[in-house]
>>> print(open('data.csv').read())   # CSV, C-alpha atoms
chain,number,residue,atom,x,y,z
A,1052,MET,CA,-24.9,-5.0,-8.1
A,1053,SER,CA,-26.5,-1.9,-9.5
A,1054,GLY,CA,-24.8,0.2,-12.1
A,1055,LEU,CA,-24.8,4.0,-12.7
A,1056,PRO,CA,-28.2,5.7,-12.6
A,1057,ASP,CA,-28.4,6.7,-16.2
A,1058,GLU,CA,-27.7,3.1,-17.2
A,1059,ASN,CA,-30.5,1.7,-15.1
A,1060,VAL,CA,-33.4,4.2,-15.6
A,1061,GLY,CA,-36.3,3.4,-17.8
A,1062,THR,CA,-36.9,0.9,-20.7
A,1063,THR,CA,-35.9,0.6,-24.3
A,1064,ALA,CA,-36.8,-1.6,-27.2
A,1065,VAL,CA,-35.6,-5.1,-26.7
A,1066,ARG,CA,-31.8,-5.1,-27.4
A,1067,GLU,CA,-30.2,-7.1,-30.1
A,1068,GLY,CA,-29.5,-10.6,-28.9
A,1069,TYR,CA,-32.0,-10.5,-26.1
A,1070,GLY,CA,-35.2,-11.0,-28.0
A,1071,PHE,CA,-37.4,-14.0,-27.8
A,1072,ASP,CA,-40.7,-15.5,-29.1
A,1073,GLU,CA,-43.2,-13.1,-27.6
A,1074,ALA,CA,-46.1,-15.1,-28.8
A,1075,ALA,CA,-44.8,-18.2,-27.0
A,1076,LEU,CA,-44.5,-16.1,-23.8
A,1077,ALA,CA,-48.0,-14.8,-24.2
A,1078,ASP,CA,-49.3,-18.4,-24.6
A,1079,TRP,CA,-47.3,-19.5,-21.4
A,1080,MET,CA,-48.7,-16.5,-19.4
A,1081,ARG,CA,-52.3,-17.4,-20.3
A,1082,GLY,CA,-51.7,-20.8,-18.7
A,1083,HIS,CA,-49.6,-19.7,-15.7
A,1084,VAL,CA,-50.4,-16.1,-14.7
A,1085,PRO,CA,-53.9,-15.7,-13.1
A,1086,GLY,CA,-55.9,-12.9,-14.8
A,1087,TYR,CA,-53.5,-12.4,-17.7
A,1088,ALA,CA,-55.1,-11.0,-20.8
A,1089,GLY,CA,-53.3,-9.7,-23.8
A,1090,PRO,CA,-52.2,-8.2,-26.2
A,1091,LEU,CA,-48.7,-8.2,-24.8
A,1092,GLN,CA,-46.0,-5.5,-25.4
A,1093,VAL,CA,-42.4,-6.3,-24.4
A,1094,GLU,CA,-39.8,-3.7,-23.4
A,1095,GLN,CA,-36.4,-4.2,-21.9
A,1096,PHE,CA,-35.2,-2.4,-18.7
A,1097,ARG,CA,-31.9,-0.6,-19.1
A,1098,GLY,CA,-30.7,-2.2,-15.9
A,1099,GLY,CA,-30.6,-5.9,-15.1
A,1100,GLN,CA,-27.1,-6.3,-16.6
A,1101,SER,CA,-26.6,-9.8,-15.1
A,1102,ASN,CA,-30.1,-11.2,-15.6
A,1103,PRO,CA,-31.9,-9.4,-18.4
A,1104,THR,CA,-35.1,-7.8,-17.2
A,1105,TYR,CA,-38.2,-6.9,-19.2
A,1106,LYS,CA,-41.4,-4.9,-18.8
A,1107,LEU,CA,-44.5,-6.7,-19.9
A,1108,VAL,CA,-47.3,-4.4,-20.7
A,1109,THR,CA,-50.9,-5.4,-21.2
A,1110,PRO,CA,-54.1,-3.3,-21.3
A,1111,GLY,CA,-55.0,-4.1,-17.7
A,1112,ARG,CA,-51.7,-4.8,-15.9
A,1113,THR,CA,-48.0,-4.5,-16.1
A,1114,TYR,CA,-45.5,-7.3,-15.2
A,1115,VAL,CA,-41.8,-7.8,-14.9
A,1116,LEU,CA,-39.9,-10.7,-16.4
A,1117,ARG,CA,-36.4,-11.7,-15.2
A,1118,ARG,CA,-34.5,-14.4,-17.2
A,1119,LYS,CA,-31.2,-16.1,-17.4
A,1120,PRO,CA,-29.2,-14.5,-20.3
A,1121,PRO,CA,-28.9,-16.3,-23.5
A,1122,GLY,CA,-25.7,-18.2,-24.3
A,1123,LEU,CA,-23.2,-20.4,-22.4
A,1124,LEU,CA,-23.4,-19.9,-18.6
A,1125,LEU,CA,-21.2,-20.8,-15.7
A,1126,LYS,CA,-22.8,-23.5,-13.5
A,1127,GLY,CA,-24.8,-21.9,-10.8
A,1128,ALA,CA,-24.7,-18.4,-12.3
A,1129,HIS,CA,-27.7,-16.3,-13.1
A,1130,ALA,CA,-29.9,-18.4,-10.8
A,1131,VAL,CA,-33.3,-16.8,-11.4
A,1132,GLU,CA,-35.0,-19.8,-9.8
A,1133,ARG,CA,-33.3,-18.7,-6.5
A,1134,GLU,CA,-34.6,-15.2,-6.9
A,1135,ALA,CA,-38.1,-16.5,-7.4
A,1136,LYS,CA,-37.8,-18.8,-4.4
A,1137,VAL,CA,-36.6,-16.1,-2.0
A,1138,LEU,CA,-39.2,-13.6,-3.2
A,1139,THR,CA,-42.0,-16.2,-2.8
A,1140,GLY,CA,-40.8,-17.1,0.7
A,1141,LEU,CA,-40.4,-13.5,1.9
A,1142,GLU,CA,-43.9,-12.6,0.6
A,1143,LYS,CA,-45.2,-15.3,2.9
A,1144,ALA,CA,-43.5,-13.6,5.8
A,1145,GLY,CA,-45.1,-10.2,4.9
A,1146,PHE,CA,-41.8,-8.7,3.7
A,1147,PRO,CA,-42.1,-6.0,1.0
A,1148,VAL,CA,-41.3,-7.7,-2.3
A,1149,ALA,CA,-43.0,-8.0,-5.7
A,1150,HIS,CA,-45.4,-10.9,-6.0
A,1151,VAL,CA,-44.1,-13.7,-8.2
A,1152,HIS,CA,-46.7,-15.3,-10.4
A,1153,ALA,CA,-44.8,-18.2,-11.8
A,1154,LEU,CA,-41.3,-19.6,-12.6
A,1155,CYS,CA,-40.6,-21.3,-16.0
A,1156,THR,CA,-37.9,-23.9,-16.2
A,1157,ASP,CA,-38.6,-24.9,-19.7
A,1158,ASP,CA,-36.0,-23.5,-22.1
A,1159,ALA,CA,-38.4,-24.2,-25.0
A,1160,VAL,CA,-40.6,-21.2,-24.2
A,1161,ILE,CA,-38.3,-18.3,-24.6
A,1162,GLY,CA,-34.9,-19.9,-24.7
A,1163,THR,CA,-33.9,-19.7,-21.0
A,1164,TRP,CA,-35.5,-20.0,-17.6
A,1165,PHE,CA,-37.4,-17.0,-16.3
A,1166,TYR,CA,-40.0,-15.8,-13.8
A,1167,VAL,CA,-42.8,-13.3,-14.0
A,1168,MET,CA,-43.7,-10.9,-11.1
A,1169,ASP,CA,-45.8,-7.9,-10.5
A,1170,MET,CA,-44.5,-4.4,-11.6
A,1171,VAL,CA,-44.3,-2.2,-8.5
A,1172,GLU,CA,-44.7,1.5,-9.2
A,1173,GLY,CA,-43.0,4.0,-6.9
A,1174,ARG,CA,-39.9,6.1,-6.3
A,1175,ILE,CA,-36.2,4.9,-6.6
A,1176,PHE,CA,-33.6,7.1,-5.1
A,1177,TRP,CA,-30.3,6.7,-7.0
A,1178,ASP,CA,-28.5,9.3,-4.8
A,1179,ALA,CA,-28.1,8.4,-1.1
A,1180,THR,CA,-28.6,12.0,-0.1
A,1181,VAL,CA,-32.2,11.7,-1.5
A,1182,PRO,CA,-32.4,15.1,-3.3
A,1183,GLY,CA,-35.7,16.7,-4.0
A,1184,VAL,CA,-37.5,15.7,-0.8
A,1185,PRO,CA,-38.0,17.7,2.5
A,1186,ALA,CA,-35.5,17.1,5.3
A,1187,GLY,CA,-38.3,15.6,7.5
A,1188,GLU,CA,-39.2,13.1,4.9
A,1189,ARG,CA,-35.5,12.2,4.3
A,1190,ALA,CA,-35.3,11.1,8.0
A,1191,ALA,CA,-38.4,9.0,7.6
A,1192,ILE,CA,-37.1,7.4,4.4
A,1193,PHE,CA,-33.9,6.3,6.1
A,1194,ASP,CA,-35.9,5.0,9.0
A,1195,ALA,CA,-38.1,3.0,6.6
A,1196,MET,CA,-34.9,1.5,5.0
A,1197,ASN,CA,-33.6,0.6,8.4
A,1198,ALA,CA,-36.9,-1.0,9.4
A,1199,ALA,CA,-37.0,-3.0,6.2
A,1200,MET,CA,-33.5,-4.4,6.8
A,1201,ALA,CA,-34.3,-5.3,10.4
A,1202,SER,CA,-37.5,-6.9,9.3
A,1203,LEU,CA,-35.6,-9.1,6.8
A,1204,HIS,CA,-33.2,-10.3,9.4
A,1205,MET,CA,-36.1,-11.2,11.8
A,1206,VAL,CA,-37.8,-13.5,9.2
A,1207,ASP,CA,-38.0,-17.2,10.3
A,1208,TYR,CA,-36.4,-18.4,7.1
A,1209,ALA,CA,-37.1,-22.1,7.8
A,1210,ALA,CA,-40.8,-21.4,8.4
A,1211,VAL,CA,-41.1,-19.8,4.9
A,1212,GLY,CA,-39.3,-22.7,3.0
A,1213,LEU,CA,-35.8,-21.2,2.9
A,1214,ALA,CA,-33.9,-23.5,5.3
A,1215,ASP,CA,-31.9,-24.8,2.3
A,1216,TYR,CA,-31.3,-21.4,0.7
A,1217,GLY,CA,-27.6,-21.3,1.8
A,1218,LYS,CA,-25.0,-22.6,4.2
A,1219,SER,CA,-25.6,-21.9,7.9
A,1220,GLY,CA,-22.7,-20.6,10.1
A,1221,ASN,CA,-19.0,-19.8,9.5
A,1222,TYR,CA,-20.1,-17.0,7.1
A,1223,PHE,CA,-17.1,-14.7,7.5
A,1224,ALA,CA,-14.4,-17.4,7.2
A,1225,ARG,CA,-16.1,-18.7,4.0
A,1226,GLN,CA,-16.6,-15.3,2.4
A,1227,ILE,CA,-13.1,-14.0,3.2
A,1228,ALA,CA,-11.6,-17.2,1.8
A,1229,ARG,CA,-13.7,-16.9,-1.4
A,1230,TRP,CA,-12.8,-13.3,-2.1
A,1231,SER,CA,-9.2,-13.8,-1.2
A,1232,ARG,CA,-8.9,-16.6,-3.7
A,1233,GLN,CA,-10.5,-14.5,-6.4
A,1234,TYR,CA,-8.1,-11.6,-5.7
A,1235,LEU,CA,-5.0,-13.9,-5.6
A,1236,ASP,CA,-5.9,-15.9,-8.7
A,1237,ASP,CA,-6.3,-12.8,-10.9
A,1238,SER,CA,-2.6,-12.1,-11.5
A,1239,GLU,CA,-3.3,-9.8,-14.4
A,1240,ALA,CA,-5.2,-7.4,-12.2
A,1241,GLY,CA,-2.1,-7.2,-9.9
A,1242,ARG,CA,-1.6,-7.0,-6.2
A,1243,ASP,CA,-2.0,-4.1,-3.7
A,1244,PRO,CA,-0.4,-3.7,-0.3
A,1245,ASN,CA,-3.6,-2.6,1.3
A,1246,MET,CA,-5.5,-5.7,0.1
A,1247,ASP,CA,-2.5,-7.9,1.0
A,1248,ARG,CA,-2.7,-6.6,4.6
A,1249,LEU,CA,-6.5,-7.2,4.7
A,1250,LEU,CA,-6.0,-10.8,3.5
A,1251,GLU,CA,-3.9,-11.4,6.6
A,1252,TRP,CA,-5.8,-9.3,9.1
A,1253,LEU,CA,-9.5,-10.3,8.3
A,1254,PRO,CA,-9.4,-14.1,8.9
A,1255,ALA,CA,-7.3,-13.6,12.1
A,1256,ASN,CA,-9.8,-11.1,13.5
A,1257,ILE,CA,-13.3,-12.6,12.9
A,1258,PRO,CA,-15.3,-11.8,16.0
A,1259,VAL,CA,-15.4,-14.8,18.4
A,1260,GLY,CA,-18.7,-16.5,19.0
A,1261,ASP,CA,-20.4,-14.3,16.4
A,1262,ASP,CA,-22.1,-16.8,14.1
A,1263,ALA,CA,-25.7,-15.7,13.6
A,1264,THR,CA,-27.6,-16.8,10.4
A,1265,THR,CA,-30.5,-15.0,8.7
A,1266,ILE,CA,-31.7,-14.3,5.2
A,1267,THR,CA,-29.3,-11.7,3.8
A,1268,HIS,CA,-29.8,-9.6,0.7
A,1269,GLY,CA,-26.2,-9.0,-0.2
A,1270,ASP,CA,-26.7,-5.6,-2.0
A,1271,PHE,CA,-29.1,-3.7,0.3
A,1272,ARG,CA,-28.8,-0.1,-0.8
A,1273,ILE,CA,-31.3,2.7,-1.1
A,1274,ASP,CA,-31.2,2.4,-4.9
A,1275,ASN,CA,-32.4,-1.2,-4.6
A,1276,MET,CA,-35.7,-0.2,-3.0
A,1277,ILE,CA,-39.0,1.1,-4.4
A,1278,PHE,CA,-40.6,3.6,-2.1
A,1279,HIS,CA,-44.3,4.7,-2.1
A,1280,PRO,CA,-44.9,7.6,-4.6
A,1281,THR,CA,-45.8,10.0,-1.8
A,1282,GLU,CA,-45.1,8.3,1.5
A,1283,PRO,CA,-41.8,7.3,3.2
A,1284,ARG,CA,-42.6,3.6,3.0
A,1285,VAL,CA,-40.8,0.7,1.3
A,1286,LEU,CA,-43.1,-1.0,-1.2
A,1287,ALA,CA,-40.6,-3.5,-2.5
A,1288,VAL,CA,-36.9,-4.5,-2.2
A,1289,LEU,CA,-35.3,-5.3,-5.5
A,1290,ASP,CA,-32.2,-7.2,-6.8
A,1291,TRP,CA,-32.0,-10.4,-4.8
A,1292,GLU,CA,-29.3,-12.0,-7.0
A,1293,LEU,CA,-26.7,-12.0,-4.2
A,1294,SER,CA,-29.1,-13.1,-1.5
A,1295,THR,CA,-28.4,-16.2,0.6
A,1296,LEU,CA,-28.3,-17.4,4.2
A,1297,GLY,CA,-25.6,-15.3,5.8
A,1298,HIS,CA,-24.6,-13.0,8.7
A,1299,PRO,CA,-27.1,-10.2,9.5
A,1300,GLY,CA,-24.3,-7.9,10.8
A,1301,ALA,CA,-22.4,-8.2,7.5
A,1302,ASP,CA,-25.6,-7.5,5.6
A,1303,PHE,CA,-26.5,-4.5,7.7
A,1304,ALA,CA,-23.0,-3.1,7.6
A,1305,TYR,CA,-23.0,-3.3,3.8
A,1306,ASN,CA,-26.1,-1.0,3.9
A,1307,ALA,CA,-24.6,1.3,6.6
A,1308,MET,CA,-21.2,1.6,4.9
A,1309,MET,CA,-22.8,4.4,2.9
A,1310,TYR,CA,-21.8,6.7,5.8
A,1311,ARG,CA,-18.1,6.0,5.0
A,1312,MET,CA,-18.4,5.7,1.3
A,1313,PRO,CA,-17.7,8.5,-1.2
A,1314,PRO,CA,-20.7,9.0,-3.6
A,1315,TYR,CA,-18.5,8.5,-6.7
A,1316,ILE,CA,-17.7,4.9,-5.7
A,1317,VAL,CA,-21.2,3.6,-5.0
A,1318,ALA,CA,-24.2,5.4,-3.6
A,1319,GLY,CA,-22.6,6.9,-0.5
A,1320,LEU,CA,-22.9,9.8,2.0
A,1321,GLY,CA,-19.1,10.6,2.3
A,1322,GLY,CA,-18.6,14.3,2.4
A,1323,ALA,CA,-22.4,15.1,2.7
A,1324,ASP,CA,-23.7,17.4,5.5
A,1325,ILE,CA,-26.1,14.8,6.7
A,1326,ALA,CA,-27.3,16.9,9.7
A,1327,ALA,CA,-28.4,19.7,7.4
A,1328,LEU,CA,-30.0,17.1,5.1
A,1329,GLY,CA,-32.0,15.6,8.0
A,1330,ILE,CA,-30.4,12.2,7.6
A,1331,PRO,CA,-29.7,10.3,10.8
A,1332,GLY,CA,-26.1,9.9,11.8
A,1333,GLU,CA,-24.3,6.6,11.6
A,1334,GLU,CA,-24.5,5.9,15.4
A,1335,GLU,CA,-28.2,6.7,15.4
A,1336,TYR,CA,-28.8,4.5,12.4
A,1337,VAL,CA,-26.9,1.5,14.0
A,1338,ALA,CA,-28.8,2.0,17.3
A,1339,ALA,CA,-32.2,2.0,15.5
A,1340,TYR,CA,-31.3,-1.3,13.8
A,1341,CYS,CA,-30.2,-2.8,17.1
A,1342,ALA,CA,-33.4,-1.7,18.8
A,1343,ARG,CA,-35.5,-3.3,16.1
A,1344,THR,CA,-33.6,-6.6,16.2
A,1345,GLY,CA,-33.4,-6.9,20.0
A,1346,ARG,CA,-29.7,-6.2,20.3
A,1347,GLU,CA,-28.0,-3.8,22.8
A,1348,SER,CA,-25.2,-3.1,20.3
A,1349,LEU,CA,-23.2,-4.5,17.4
A,1350,PRO,CA,-19.7,-5.1,19.0
A,1351,GLY,CA,-18.3,-6.4,15.6
A,1352,TYR,CA,-19.7,-3.5,13.6
A,1353,ASP,CA,-16.4,-2.0,12.5
A,1354,PHE,CA,-15.1,-5.4,11.5
A,1355,TYR,CA,-18.3,-5.9,9.5
A,1356,VAL,CA,-17.7,-2.6,7.7
A,1357,ALA,CA,-14.1,-3.5,7.0
A,1358,PHE,CA,-15.2,-6.9,5.6
A,1359,ASN,CA,-17.7,-5.2,3.2
A,1360,PHE,CA,-15.1,-2.7,1.9
A,1361,PHE,CA,-12.8,-5.6,1.3
A,1362,ARG,CA,-15.5,-7.5,-0.5
A,1363,LEU,CA,-16.4,-4.6,-2.7
A,1364,ALA,CA,-12.7,-4.0,-3.5
A,1365,ALA,CA,-12.3,-7.6,-4.5
A,1366,ILE,CA,-15.3,-7.3,-6.8
A,1367,PHE,CA,-13.8,-4.2,-8.4
A,1368,HIS,CA,-10.4,-5.9,-8.7
A,1369,GLY,CA,-12.2,-8.7,-10.6
A,1370,ILE,CA,-13.6,-6.0,-12.9
A,1371,LYS,CA,-10.1,-4.7,-13.5
A,1372,GLY,CA,-9.0,-8.1,-14.6
A,1373,ARG,CA,-11.8,-8.4,-17.1
A,1374,VAL,CA,-11.0,-4.9,-18.4
A,1375,LEU,CA,-7.4,-5.9,-18.9
A,1376,ARG,CA,-8.4,-9.1,-20.7
A,1377,GLY,CA,-10.9,-7.2,-22.9
A,1378,THR,CA,-14.0,-8.9,-21.6
A,1379,ALA,CA,-15.4,-5.7,-19.9
A,1380,SER,CA,-15.3,-2.4,-21.7
A,1381,SER,CA,-18.1,-0.2,-20.4
A,1382,ALA,CA,-17.5,3.3,-19.1
A,1383,GLN,CA,-18.7,2.0,-15.7
A,1384,ALA,CA,-16.1,-0.8,-15.7
A,1385,HIS,CA,-13.2,1.7,-16.5
A,1386,GLU,CA,-14.4,4.1,-13.8
A,1387,ARG,CA,-14.4,1.3,-11.2
A,1388,VAL,CA,-10.8,0.4,-12.2
A,1389,ARG,CA,-9.9,4.1,-11.8
A,1390,ILE,CA,-11.1,4.4,-8.3
A,1391,LEU,CA,-10.0,0.9,-7.2
A,1392,PRO,CA,-6.7,2.1,-5.5
A,1393,GLU,CA,-8.7,4.5,-3.4
A,1394,LEU,CA,-11.3,1.9,-2.5
A,1395,MET,CA,-8.6,-0.6,-1.4
A,1396,GLU,CA,-7.0,2.2,0.8
A,1397,LEU,CA,-10.4,2.9,2.3
A,1398,ALA,CA,-10.9,-0.8,3.1
A,1399,TRP,CA,-7.6,-0.9,5.0
A,1400,GLN,CA,-8.7,2.3,6.9
A,1401,GLN,CA,-11.8,0.5,8.0
A,1402,ALA,CA,-9.6,-2.3,9.4
A,1403,ARG,CA,-7.5,0.2,11.2
A,1404,ARG,CA,-10.7,1.6,12.7
A,1405,ALA,CA,-11.6,-1.9,13.8
A,1406,GLY,CA,-8.2,-2.3,15.6
A,1407,ALA,CA,-5.7,-3.4,13.0
>>> encode(input="data.csv", output="structure tokens")
Amino acid sequence: MSGLPDENVGTTAVREGYGFDEAALADWMRGHVPGYAGPLQVEQFRGGQSNPTYKLVTPGRTYVLRRKPPGLLLKGAHAVEREAKVLTGLEKAGFPVAHVHALCTDDAVIGTWFYVMDMVEGRIFWDATVPGVPAGERAAIFDAMNAAMASLHMVDYAAVGLADYGKSGNYFARQIARWSRQYLDDSEAGRDPNMDRLLEWLPANIPVGDDATTITHGDFRIDNMIFHPTEPRVLAVLDWELSTLGHPGADFAYNAMMYRMPPYIVAGLGGADIAALGIPGEEEYVAAYCARTGRESLPGYDFYVAFNFFRLAAIFHGIKGRVLRGTASSAQAHERVRILPELMELAWQQARRAGA
């Protein structure tokens, strides 16, 4: 999940504890990246908090390296090999992603597994209101984002080698159980009456017969896309760390919950005059997605949104626990603890809107 804009923008010198043998990397690239020619300069992106991300600069071309972080890792965490796999599969389907050159599973090269992909140059909009562009282009940018999400959910994942990328079916029951367990197990972070109500209401109100499965991104927001420098066109979707096989409605609603989300929680449109900005309304945005994916409507949409607010609140609740235990201390972590009660109340409001 992306952080605050200032924490993510640009590169810096490689931070202490995140360096590696750059000569060994250059040797590996000569053998595995077609057309590679040094010398190689390595910088570290300010973002990529979970999987450290580096900019690899050569005289003729620029690349991006994503790696598992150094140190002891939980089993299954920081799975850069999954990222490389989904990017490779989606490129075969013509979906806009960076081209992956190679994956390295030999710890001896730089200390952890990593992959190298192309650097895609373009615009990233950290603010969902997309400041600094004309209203007409704003509408086209939102339409391009909508089209990209619809296109992702129309990919034949089995045909591009992703049939084993996750579990198929029963998505909401599995996810609600997972996030409920995390919430209940973190006694130090405490309980909240809104979350407690959601724990009861959500599993009892999963839409019946609604069990579609597609590739899902998991964090599909406007700030996880690179747009063309001058055109309202998506060049690449970033940050596939949470991707899996899942429910397309849940994935779409995570993107569309920006309409109900205050901008100080995550990139949201809450309180913005979207008509004056030229941004399509929520109903129009949902209708465009339905038209692109061959649906007449999304009957479970309000449930999907409630689920996503709950999921985000559970994630922030976990951050609160880490802050209290002293394992998270950033300004961003403390800010997320501060707004957590409001987010949990908003989550229950979405459930009420869905019929609770």
>>> closest_residue(input="data.csv", among="A:Ala1398, A:Ala1365, A:Val1167, A:Ala1384", to="A:Ile1227", atoms="only C-alpha atoms")
A:Ala1365
>>> atom_distance(input="data.csv", atom1="atom CA of A:Glu1172", atom2="atom CA of A:Gly1319")
24.4 Å
>>> atom_distance(input="data.csv", atom1="atom CA of A:Val1137", atom2="atom CA of A:Thr1156")
16.3 Å
>>> atom_distance(input="data.csv", atom1="atom CA of A:His1279", atom2="atom CA of A:Tyr1105")
21.5 Å
>>> closest_atom_pairs(input="data.csv", of="stretch 1107-1197 of chain A", to="stretch 1320-1337 of chain A", cutoff="7 Å", atoms="all atoms listed in the file", output="Markdown table")
| residue | atom | partner | partner_atom | distance |
| --- | --- | --- | --- | --- |
| A:Ala1179 | CA | A:Leu1320 | CA | 6.2 |
| A:Thr1180 | CA | A:Leu1320 | CA | 6.5 |
| A:Ala1186 | CA | A:Gly1329 | CA | 4.7 |
| A:Gly1187 | CA | A:Gly1329 | CA | 6.3 |
| A:Arg1189 | CA | A:Ile1330 | CA | 6.1 |
| A:Ala1190 | CA | A:Ile1330 | CA | 5.0 |
>>> residues_around(input="data.csv", residues="A:Ser1238", least_positions_apart="5", cutoff="12 Å", atoms="all atoms listed in the file", output="list in words")
Arg1232, Gln1233, Asp1243, His1368, Gly1369, Lys1371, Gly1372, Arg1373, Leu1375 and Arg1376 of chain A
>>> residues_around(input="data.csv", residues="A:Pro1090", least_positions_apart="6", cutoff="9 Å", atoms="all atoms listed in the file", output="PDB file with C-alpha atoms, in the coordinates of the input")
ATOM      1  CA  ALA A1077     -48.000 -14.800 -24.200  1.00  0.00           C
ATOM      2  CA  VAL A1108     -47.300  -4.400 -20.700  1.00  0.00           C
ATOM      3  CA  THR A1109     -50.900  -5.400 -21.200  1.00  0.00           C
ATOM      4  CA  PRO A1110     -54.100  -3.300 -21.300  1.00  0.00           C
TER       5      PRO A1110
END
>>> residues_near_point(input="data.csv", point="(-46.6, -14.7, -1.7)", cutoff="12 Å", atoms="all atoms listed in the file", output="ChimeraX atom specification")
/A:1135-1153,1168-1169,1211-1212
>>> write_last_selection(input="data.csv", atoms="C-alpha atoms", output="CSV table (one decimal), in the frame of the given file")
chain,number,residue,atom,x,y,z
A,1135,ALA,CA,-38.1,-16.5,-7.4
A,1136,LYS,CA,-37.8,-18.8,-4.4
A,1137,VAL,CA,-36.6,-16.1,-2.0
A,1138,LEU,CA,-39.2,-13.6,-3.2
A,1139,THR,CA,-42.0,-16.2,-2.8
A,1140,GLY,CA,-40.8,-17.1,0.7
A,1141,LEU,CA,-40.4,-13.5,1.9
A,1142,GLU,CA,-43.9,-12.6,0.6
A,1143,LYS,CA,-45.2,-15.3,2.9
A,1144,ALA,CA,-43.5,-13.6,5.8
A,1145,GLY,CA,-45.1,-10.2,4.9
A,1146,PHE,CA,-41.8,-8.7,3.7
A,1147,PRO,CA,-42.1,-6.0,1.0
A,1148,VAL,CA,-41.3,-7.7,-2.3
A,1149,ALA,CA,-43.0,-8.0,-5.7
A,1150,HIS,CA,-45.4,-10.9,-6.0
A,1151,VAL,CA,-44.1,-13.7,-8.2
A,1152,HIS,CA,-46.7,-15.3,-10.4
A,1153,ALA,CA,-44.8,-18.2,-11.8
A,1168,MET,CA,-43.7,-10.9,-11.1
A,1169,ASP,CA,-45.8,-7.9,-10.5
A,1211,VAL,CA,-41.1,-19.8,4.9
A,1212,GLY,CA,-39.3,-22.7,3.0
>>> closest_residue(input="data.csv", among="A:Gly1220, A:Gly1241, A:Pro1120, A:Gly1345", to="A:Leu1391", atoms="only C-alpha atoms")
A:Gly1241
>>> residues_around(input="data.csv", residues="A:Val1259", least_positions_apart="5", cutoff="12 Å", atoms="all atoms listed in the file", output="MDAnalysis selection string")
chainID A and resid 1221 1223:1224 1254 1350:1351 1354
>>> decode(input="data.csv", residues="stretch 1069-1080 of chain A", atoms="N, CA, C and O atoms", output="PDB file, in the first residue's frame")
ATOM      1  N   TYR A1069      20.542  -1.236   3.074  1.00  0.00           N
ATOM      2  CA  TYR A1069      19.881  -1.698   1.859  1.00  0.00           C
ATOM      3  C   TYR A1069      20.844  -1.797   0.672  1.00  0.00           C
ATOM      4  O   TYR A1069      20.432  -2.045  -0.447  1.00  0.00           O
ATOM      5  N   GLY A1070      22.130  -1.614   0.929  1.00  0.00           N
ATOM      6  CA  GLY A1070      23.106  -1.716  -0.137  1.00  0.00           C
ATOM      7  C   GLY A1070      23.400  -3.163  -0.494  1.00  0.00           C
ATOM      8  O   GLY A1070      23.009  -4.098   0.215  1.00  0.00           O
ATOM      9  N   PHE A1071      24.073  -3.345  -1.618  1.00  0.00           N
ATOM     10  CA  PHE A1071      24.462  -4.683  -2.064  1.00  0.00           C
ATOM     11  C   PHE A1071      25.654  -4.553  -2.992  1.00  0.00           C
ATOM     12  O   PHE A1071      26.120  -3.442  -3.293  1.00  0.00           O
ATOM     13  N   ASP A1072      26.155  -5.686  -3.460  1.00  0.00           N
ATOM     14  CA  ASP A1072      27.320  -5.727  -4.347  1.00  0.00           C
ATOM     15  C   ASP A1072      26.883  -5.315  -5.753  1.00  0.00           C
ATOM     16  O   ASP A1072      26.324  -6.120  -6.506  1.00  0.00           O
ATOM     17  N   GLU A1073      27.109  -4.061  -6.088  1.00  0.00           N
ATOM     18  CA  GLU A1073      26.659  -3.544  -7.386  1.00  0.00           C
ATOM     19  C   GLU A1073      27.427  -4.161  -8.554  1.00  0.00           C
ATOM     20  O   GLU A1073      26.873  -4.333  -9.640  1.00  0.00           O
ATOM     21  N   ALA A1074      28.655  -4.521  -8.338  1.00  0.00           N
ATOM     22  CA  ALA A1074      29.430  -5.188  -9.391  1.00  0.00           C
ATOM     23  C   ALA A1074      28.838  -6.560  -9.694  1.00  0.00           C
ATOM     24  O   ALA A1074      28.749  -6.985 -10.858  1.00  0.00           O
ATOM     25  N   ALA A1075      28.413  -7.271  -8.656  1.00  0.00           N
ATOM     26  CA  ALA A1075      27.791  -8.583  -8.854  1.00  0.00           C
ATOM     27  C   ALA A1075      26.468  -8.432  -9.619  1.00  0.00           C
ATOM     28  O   ALA A1075      26.142  -9.262 -10.477  1.00  0.00           O
ATOM     29  N   LEU A1076      25.723  -7.378  -9.312  1.00  0.00           N
ATOM     30  CA  LEU A1076      24.480  -7.135 -10.055  1.00  0.00           C
ATOM     31  C   LEU A1076      24.784  -6.849 -11.516  1.00  0.00           C
ATOM     32  O   LEU A1076      24.105  -7.380 -12.412  1.00  0.00           O
ATOM     33  N   ALA A1077      25.783  -6.026 -11.772  1.00  0.00           N
ATOM     34  CA  ALA A1077      26.139  -5.702 -13.162  1.00  0.00           C
ATOM     35  C   ALA A1077      26.535  -6.965 -13.926  1.00  0.00           C
ATOM     36  O   ALA A1077      26.137  -7.152 -15.081  1.00  0.00           O
ATOM     37  N   ASP A1078      27.297  -7.841 -13.289  1.00  0.00           N
ATOM     38  CA  ASP A1078      27.674  -9.101 -13.936  1.00  0.00           C
ATOM     39  C   ASP A1078      26.436  -9.940 -14.252  1.00  0.00           C
ATOM     40  O   ASP A1078      26.325 -10.524 -15.341  1.00  0.00           O
ATOM     41  N   TRP A1079      25.499 -10.010 -13.311  1.00  0.00           N
ATOM     42  CA  TRP A1079      24.269 -10.782 -13.528  1.00  0.00           C
ATOM     43  C   TRP A1079      23.451 -10.177 -14.671  1.00  0.00           C
ATOM     44  O   TRP A1079      22.916 -10.913 -15.508  1.00  0.00           O
ATOM     45  N   MET A1080      23.364  -8.858 -14.716  1.00  0.00           N
ATOM     46  CA  MET A1080      22.569  -8.212 -15.758  1.00  0.00           C
ATOM     47  C   MET A1080      23.162  -8.456 -17.145  1.00  0.00           C
ATOM     48  O   MET A1080      22.427  -8.622 -18.129  1.00  0.00           O
TER      49      MET A1080
END
